[in-house]
Amino acid sequence: MRSESATWTGIVVQNGTDQPFTESADVEGRWRATYTLPFGQRSEGNDDSKEWIQDINGNVVVRPLEHKRSLLTRMLGFNGTLLDPDISWYLDGPLTVDGRSVIRIHGKVATYDTVVYLDAHTTLVYGVEIAGRSVRYPQYQNFNGLNVPSKAIETDENRTITRTITSVTMQPFGKLDFRPPAQRRAEFPKGQSDIAVDVEEPHSLIVLNAKVNGTPVKFLLDSGSSASLIDADEARLLKLPTAGSTRVAGATILTGTEAKADALEIGGVRFAPFVFEAVPLGLPASIKGYGIGGILGYDVLAQVVTRIDYGGSRIRLISPDSFSYSGTGQVLSLDPWSRLPHVATTVGDADAATFTVDTGSDSGLIVYQEFADAHQRDFMRPGDLAPDTAIDKHGNPIPNDPAPYFGDFTQASGAGGAIRVKTAVVSRLSLGKFSVDRVFTEIVLEPSGAFTPTATDGLLGAAVLSKFGAVFLDYSGERLILER
């Protein structure tokens, strides 16, 4: 196979939905896979220097390539991993797994302790336990002289994915294209590249009027959402076609379907067609009365540059192809790889932190308890906030009770429910040359759903963002721009 590439096809079954796929790879480690979904296609892959993902709405995220997998590993799964000369395996003896006689071996794949079960009769891999997930290869088929695991079942605590390969074709080297596809752009009215849209701002959140297939719908603009959502009841009222299944992390895990609109319009800017995740939103009572029918997240923000003017209750949608910045604001690098905008900051005097910019949160900061415990010096004590004395009704000075300055355990609300938090105050948050003092902060005590530690230390919300004269979210330029 040293001079060849290969393409194989099959079906992935996840959450009861069949997804036909085509996957290709070559001996240089380049790779591409395309999955056919009910309302479009999703693809991912890597070339010689970049890895990329394109979602069903045509948005593409790209980042530098960290490592490649060989063609054999792509096709043969963990059978290919056994051929890696850099991985040492040791024998742990025979046993029975799922009623099958196997030989168990141990090794370390990347940084993970890995258990592999070899079929005692064929010595092909039957099963793998790695990083909290279980893989089984119950079926093999010979394609072009290779015994390929034609059926693979992968299970973790949240889902089961079954992958079946139905064909394998060998191809000459260099005949396949592994470059990332072009990013889709929103359609602006003819002759315009900058559209202003008035918005409502309950609790400094951004609620805007949009149209779905020509029907007005109110949406919350939420940079902290990796997808765009529509309430399942709203999708039914709009008679949007639905199919497949989806899982969305809010305050809890929300389940639903995909819903397709012929067009989403915001101030005349068109996103067409547009696929939503249709789930029961369960928005907090504090904003539910505004008639919000959905949440616009990464799928919209990736196709435009968004300028937020909190003071003027207005946003501007700008075509990325026409946008350049020469102002005096602070330009911060923004990492959109996870479909969420991550920025580096400084907390307190000098402690580095990374936060997700979240226009859908009305808090100043939301941090995870592990971060708070490790950075206690950055949090103000009750005495730092409370004045030394207070005045009673007779004008006499009395000792002041600092308790009101620090709330007791309470709850923070999000789509789908609430999470348990403790309130506190961070002494200072620095964003480049700008800083915000005494930032009200919620510490997550019981992580769940979207409020689970991942690549950042927490969320940076509207109570901080609204202190700036303008906030630019420029995903294509990978930057956050703040002006005062």
# chains A, B, ... in the order shown; residues from 1 in each chain; ligands from 1
call {"tool": "residues_around", "arguments": {"residues": "stretch 119-125 of chain A", "least_positions_apart": "2", "cutoff": "7 Å", "atoms": "only C-alpha atoms", "output": "ChimeraX atom specification"}}
result
/A:78-79,101-103,116-117,127,137
call {"tool": "select_by_dssp", "arguments": {"residues": "stretch 145-248 of chain A", "states": "strand (DSSP E or B)", "output": "MDAnalysis selection string"}}
result
chainID A and resid 146:155 160:172 187 194:200 207:212 215:221 229:231 242:248
call {"tool": "write_last_selection", "arguments": {"atoms": "N, CA and C atoms", "output": "short mmCIF file (atom, residue, chain, number, x, y, z; two decimals), in the first residue's frame"}}
result
data_model
loop_
_atom_site.label_atom_id
_atom_site.label_comp_id
_atom_site.auth_asym_id
_atom_site.auth_seq_id
_atom_site.Cartn_x
_atom_site.Cartn_y
_atom_site.Cartn_z
N LEU A 146 -7.08 -7.39 2.46
CA LEU A 146 -6.98 -6.90 3.84
C LEU A 146 -8.20 -7.34 4.63
N ASN A 147 -7.97 -7.83 5.84
CA ASN A 147 -9.08 -8.13 6.76
C ASN A 147 -9.45 -6.84 7.48
N VAL A 148 -10.55 -6.24 7.05
CA VAL A 148 -10.99 -4.94 7.55
C VAL A 148 -12.14 -5.16 8.54
N PRO A 149 -12.10 -4.49 9.72
CA PRO A 149 -13.26 -4.58 10.63
C PRO A 149 -14.47 -3.90 9.98
N SER A 150 -15.34 -4.72 9.38
CA SER A 150 -16.45 -4.16 8.61
C SER A 150 -17.59 -3.68 9.50
N LYS A 151 -17.53 -4.02 10.78
CA LYS A 151 -18.52 -3.50 11.73
C LYS A 151 -17.80 -3.14 13.02
N ALA A 152 -18.01 -1.92 13.49
CA ALA A 152 -17.41 -1.45 14.74
C ALA A 152 -18.50 -0.81 15.59
N ILE A 153 -18.51 -1.15 16.87
CA ILE A 153 -19.49 -0.58 17.81
C ILE A 153 -18.72 0.13 18.91
N GLU A 154 -18.93 1.45 19.02
CA GLU A 154 -18.23 2.26 20.03
C GLU A 154 -19.25 2.79 21.04
N THR A 155 -18.94 2.60 22.31
CA THR A 155 -19.87 2.99 23.37
C THR A 155 -19.14 3.79 24.44
N THR A 160 -23.98 5.35 21.81
CA THR A 160 -23.45 4.19 21.10
C THR A 160 -23.44 4.51 19.61
N ILE A 161 -22.30 4.28 18.97
CA ILE A 161 -22.16 4.52 17.54
C ILE A 161 -21.77 3.21 16.86
N THR A 162 -22.54 2.82 15.85
CA THR A 162 -22.24 1.62 15.07
C THR A 162 -21.81 2.04 13.66
N ARG A 163 -20.67 1.52 13.25
CA ARG A 163 -20.09 1.90 11.96
C ARG A 163 -19.89 0.65 11.12
N THR A 164 -20.50 0.63 9.92
CA THR A 164 -20.40 -0.52 9.03
C THR A 164 -19.74 -0.10 7.72
N ILE A 165 -18.72 -0.84 7.28
CA ILE A 165 -18.05 -0.59 6.00
C ILE A 165 -18.58 -1.58 4.98
N THR A 166 -19.00 -1.04 3.82
CA THR A 166 -19.61 -1.89 2.79
C THR A 166 -18.73 -2.03 1.54
N SER A 167 -17.77 -1.11 1.34
CA SER A 167 -16.90 -1.23 0.17
C SER A 167 -15.57 -0.55 0.45
N VAL A 168 -14.51 -1.04 -0.20
CA VAL A 168 -13.17 -0.44 -0.13
C VAL A 168 -12.59 -0.43 -1.53
N THR A 169 -12.09 0.72 -1.97
CA THR A 169 -11.48 0.87 -3.29
C THR A 169 -10.08 1.41 -3.14
N MET A 170 -9.09 0.73 -3.73
CA MET A 170 -7.73 1.22 -3.72
C MET A 170 -7.54 2.17 -4.91
N GLN A 171 -6.77 3.25 -4.69
CA GLN A 171 -6.60 4.26 -5.72
C GLN A 171 -5.15 4.67 -5.86
N PRO A 172 -4.76 5.19 -7.02
CA PRO A 172 -3.38 5.67 -7.18
C PRO A 172 -3.09 6.83 -6.24
N GLU A 187 -25.58 35.96 2.86
CA GLU A 187 -25.92 36.76 1.68
C GLU A 187 -26.42 38.13 2.14
N ASP A 194 -22.81 45.98 5.24
CA ASP A 194 -22.84 46.37 6.66
C ASP A 194 -24.28 46.72 7.00
N ILE A 195 -24.92 45.90 7.83
CA ILE A 195 -26.34 46.07 8.16
C ILE A 195 -26.49 46.30 9.66
N ALA A 196 -27.19 47.37 10.05
CA ALA A 196 -27.47 47.65 11.46
C ALA A 196 -28.82 47.04 11.84
N VAL A 197 -28.88 46.45 13.02
CA VAL A 197 -30.10 45.80 13.52
C VAL A 197 -30.33 46.24 14.96
N ASP A 198 -31.49 46.83 15.23
CA ASP A 198 -31.84 47.20 16.60
C ASP A 198 -32.21 45.94 17.39
N VAL A 199 -31.85 45.93 18.67
CA VAL A 199 -32.10 44.76 19.50
C VAL A 199 -32.68 45.18 20.84
N GLU A 200 -33.29 44.23 21.53
CA GLU A 200 -33.69 44.41 22.92
C GLU A 200 -32.57 43.87 23.82
N VAL A 207 -31.47 40.28 22.28
CA VAL A 207 -32.64 39.65 21.67
C VAL A 207 -32.95 40.41 20.39
N LEU A 208 -32.98 39.70 19.27
CA LEU A 208 -33.19 40.37 17.99
C LEU A 208 -34.36 39.74 17.23
N ASN A 209 -34.92 40.54 16.34
CA ASN A 209 -36.02 40.08 15.50
C ASN A 209 -35.45 39.53 14.21
N ALA A 210 -35.80 38.30 13.90
CA ALA A 210 -35.36 37.66 12.67
C ALA A 210 -36.58 37.08 11.97
N LYS A 211 -36.34 36.48 10.82
CA LYS A 211 -37.42 35.80 10.09
C LYS A 211 -36.95 34.41 9.72
N VAL A 212 -37.82 33.44 9.94
CA VAL A 212 -37.59 32.07 9.51
C VAL A 212 -38.63 31.75 8.46
N THR A 215 -41.36 34.30 8.41
CA THR A 215 -42.18 34.52 9.61
C THR A 215 -41.32 35.10 10.73
N PRO A 216 -41.76 36.20 11.38
CA PRO A 216 -40.95 36.80 12.45
C PRO A 216 -40.77 35.85 13.64
N VAL A 217 -39.55 35.76 14.12
CA VAL A 217 -39.20 34.97 15.31
C VAL A 217 -38.14 35.74 16.07
N LYS A 218 -38.27 35.79 17.40
CA LYS A 218 -37.26 36.43 18.23
C LYS A 218 -36.19 35.40 18.64
N PHE A 219 -34.93 35.84 18.54
CA PHE A 219 -33.83 34.96 18.90
C PHE A 219 -32.90 35.65 19.89
N LEU A 220 -32.28 34.84 20.74
CA LEU A 220 -31.20 35.29 21.61
C LEU A 220 -29.89 35.06 20.88
N LEU A 221 -29.06 36.10 20.76
CA LEU A 221 -27.75 35.97 20.12
C LEU A 221 -26.76 35.50 21.18
N LEU A 229 -30.19 27.04 17.81
CA LEU A 229 -31.30 26.23 18.30
C LEU A 229 -32.62 26.92 18.01
N ILE A 230 -33.64 26.11 17.83
CA ILE A 230 -35.00 26.62 17.78
C ILE A 230 -35.83 25.76 18.71
N ASP A 231 -36.74 26.40 19.45
CA ASP A 231 -37.58 25.65 20.36
C ASP A 231 -38.43 24.66 19.56
N THR A 242 -38.49 18.21 10.02
CA THR A 242 -37.55 17.74 11.03
C THR A 242 -37.13 16.31 10.70
N ALA A 243 -35.94 15.96 11.15
CA ALA A 243 -35.44 14.60 10.91
C ALA A 243 -34.24 14.36 11.80
N GLY A 244 -33.86 13.10 11.92
CA GLY A 244 -32.67 12.76 12.68
C GLY A 244 -32.84 13.01 14.16
N SER A 245 -31.74 13.07 14.86
CA SER A 245 -31.75 13.32 16.30
C SER A 245 -30.53 14.14 16.67
N THR A 246 -30.63 14.83 17.79
CA THR A 246 -29.53 15.67 18.24
C THR A 246 -29.51 15.74 19.75
N ARG A 247 -28.33 16.05 20.30
CA ARG A 247 -28.14 16.25 21.73
C ARG A 247 -27.41 17.57 21.91
N VAL A 248 -27.98 18.45 22.76
CA VAL A 248 -27.43 19.77 22.97
C VAL A 248 -27.15 19.96 24.46
#
call {"tool": "closest_atom_pairs", "arguments": {"of": "stretch 52-144 of chain A", "to": "stretch 266-281 of chain A", "cutoff": "12 Å", "atoms": "only C-alpha atoms", "output": "CSV"}}
result
residue,atom,partner,partner_atom,distance
A:Asp55,CA,A:Val275,CA,10.0
A:Ile56,CA,A:Val275,CA,7.2
A:Asn57,CA,A:Phe274,CA,6.1
A:Gly58,CA,A:Phe274,CA,9.4
A:Asn59,CA,A:Phe274,CA,11.2
call {"tool": "select_by_dssp", "arguments": {"residues": "stretch 161-409 of chain A", "states": "alpha helix (DSSP H)", "output": "PyMOL selection string"}}
result
chain A and resi 232-237+285-288+298-301+369-374+382-385
call {"tool": "write_last_selection", "arguments": {"atoms": "C-alpha atoms", "output": "compact mmCIF listing (two decimals), in the first residue's frame"}}
result
# COMPACT_ATOMS: atom_id res chain seq x y z
CA ALA A 232 -39.27 22.41 19.34
CA ASP A 233 -42.73 23.99 19.71
CA GLU A 234 -41.66 26.95 17.54
CA ALA A 235 -40.40 24.56 14.85
CA ARG A 236 -43.80 22.83 14.83
CA LEU A 237 -45.65 26.16 14.55
CA ALA A 285 -38.11 32.68 33.65
CA SER A 286 -36.25 36.02 33.70
CA ILE A 287 -36.19 36.18 29.88
CA LYS A 288 -38.93 33.74 28.89
CA TYR A 298 -21.83 29.70 16.08
CA ASP A 299 -23.67 28.85 12.83
CA VAL A 300 -24.62 32.52 12.38
CA LEU A 301 -21.64 34.26 13.99
CA GLN A 369 -14.71 25.46 41.27
CA GLU A 370 -11.31 23.96 40.50
CA PHE A 371 -10.17 27.31 39.06
CA ALA A 372 -11.63 29.24 42.00
CA ASP A 373 -9.92 26.96 44.53
CA ALA A 374 -6.57 27.40 42.77
CA PRO A 382 -16.27 40.38 52.30
CA GLY A 383 -14.31 43.02 54.21
CA ASP A 384 -12.73 44.25 50.97
CA LEU A 385 -16.15 45.15 49.64
call {"tool": "residues_around", "arguments": {"residues": "A:Gly312", "least_positions_apart": "2", "cutoff": "12 Å", "atoms": "only C-alpha atoms", "output": "PyMOL selection string"}}
result
chain A and resi 196-201+204+206+307-310+314-316+466+468-470
call {"tool": "decode", "arguments": {"residues": "stretch 20-76 of chain A", "atoms": "C-alpha atoms", "output": "mmCIF file, in the first residue's frame"}}
result
data_model
loop_
_atom_site.group_PDB
_atom_site.id
_atom_site.type_symbol
_atom_site.label_atom_id
_atom_site.label_comp_id
_atom_site.auth_asym_id
_atom_site.auth_seq_id
_atom_site.Cartn_x
_atom_site.Cartn_y
_atom_site.Cartn_z
ATOM 1 C CA PRO A 20 -24.034 7.136 4.968
ATOM 2 C CA PHE A 21 -20.363 8.109 4.763
ATOM 3 C CA THR A 22 -17.420 8.134 2.385
ATOM 4 C CA GLU A 23 -13.910 8.205 3.819
ATOM 5 C CA SER A 24 -10.548 8.512 2.053
ATOM 6 C CA ALA A 25 -6.931 8.499 3.204
ATOM 7 C CA ASP A 26 -3.439 8.124 1.764
ATOM 8 C CA VAL A 27 -0.088 6.825 2.927
ATOM 9 C CA GLU A 28 1.026 10.389 3.793
ATOM 10 C CA GLY A 29 -1.589 10.505 6.564
ATOM 11 C CA ARG A 30 -3.943 12.858 4.763
ATOM 12 C CA TRP A 31 -7.620 12.107 5.287
ATOM 13 C CA ARG A 32 -11.169 13.203 4.456
ATOM 14 C CA ALA A 33 -14.619 11.940 5.508
ATOM 15 C CA THR A 34 -18.068 13.116 4.416
ATOM 16 C CA TYR A 35 -21.275 12.150 6.259
ATOM 17 C CA THR A 36 -24.689 12.476 4.607
ATOM 18 C CA LEU A 37 -27.307 13.770 7.067
ATOM 19 C CA PRO A 38 -31.051 14.239 6.505
ATOM 20 C CA PHE A 39 -30.651 17.924 5.527
ATOM 21 C CA GLY A 40 -27.122 18.109 4.159
ATOM 22 C CA GLN A 41 -23.549 16.972 4.639
ATOM 23 C CA ARG A 42 -20.886 17.278 7.311
ATOM 24 C CA SER A 43 -17.211 16.687 6.531
ATOM 25 C CA GLU A 44 -13.845 16.657 8.261
ATOM 26 C CA GLY A 45 -10.252 15.851 7.460
ATOM 27 C CA ASN A 46 -6.685 17.075 7.227
ATOM 28 C CA ASP A 47 -4.126 17.964 4.571
ATOM 29 C CA ASP A 48 -0.385 18.290 5.013
ATOM 30 C CA SER A 49 -0.573 21.148 7.526
ATOM 31 C CA LYS A 50 -4.174 21.703 8.717
ATOM 32 C CA GLU A 51 -7.082 19.768 10.151
ATOM 33 C CA TRP A 52 -10.589 21.016 9.495
ATOM 34 C CA ILE A 53 -14.307 20.433 10.085
ATOM 35 C CA GLN A 54 -17.226 21.695 7.976
ATOM 36 C CA ASP A 55 -20.696 21.614 9.531
ATOM 37 C CA ILE A 56 -24.070 21.146 7.856
ATOM 38 C CA ASN A 57 -24.510 24.942 7.496
ATOM 39 C CA GLY A 58 -21.237 25.245 5.585
ATOM 40 C CA ASN A 59 -19.119 26.699 8.394
ATOM 41 C CA VAL A 60 -15.473 25.633 8.435
ATOM 42 C CA VAL A 61 -13.038 25.690 11.349
ATOM 43 C CA VAL A 62 -9.359 25.071 10.716
ATOM 44 C CA ARG A 63 -6.397 24.642 13.032
ATOM 45 C CA PRO A 64 -2.772 23.550 12.651
ATOM 46 C CA LEU A 65 -2.364 19.825 12.262
ATOM 47 C CA GLU A 66 -1.055 18.213 15.455
ATOM 48 C CA HIS A 67 -0.643 14.603 14.328
ATOM 49 C CA LYS A 68 -1.475 12.215 11.505
ATOM 50 C CA ARG A 69 -2.820 8.674 11.519
ATOM 51 C CA SER A 70 -1.576 6.165 9.009
ATOM 52 C CA LEU A 71 -3.760 4.799 6.219
ATOM 53 C CA LEU A 72 -3.677 1.358 7.831
ATOM 54 C CA THR A 73 -4.847 2.762 11.173
ATOM 55 C CA ARG A 74 -7.697 4.605 9.445
ATOM 56 C CA MET A 75 -8.855 1.442 7.691
ATOM 57 C CA LEU A 76 -8.010 -1.226 10.248
#
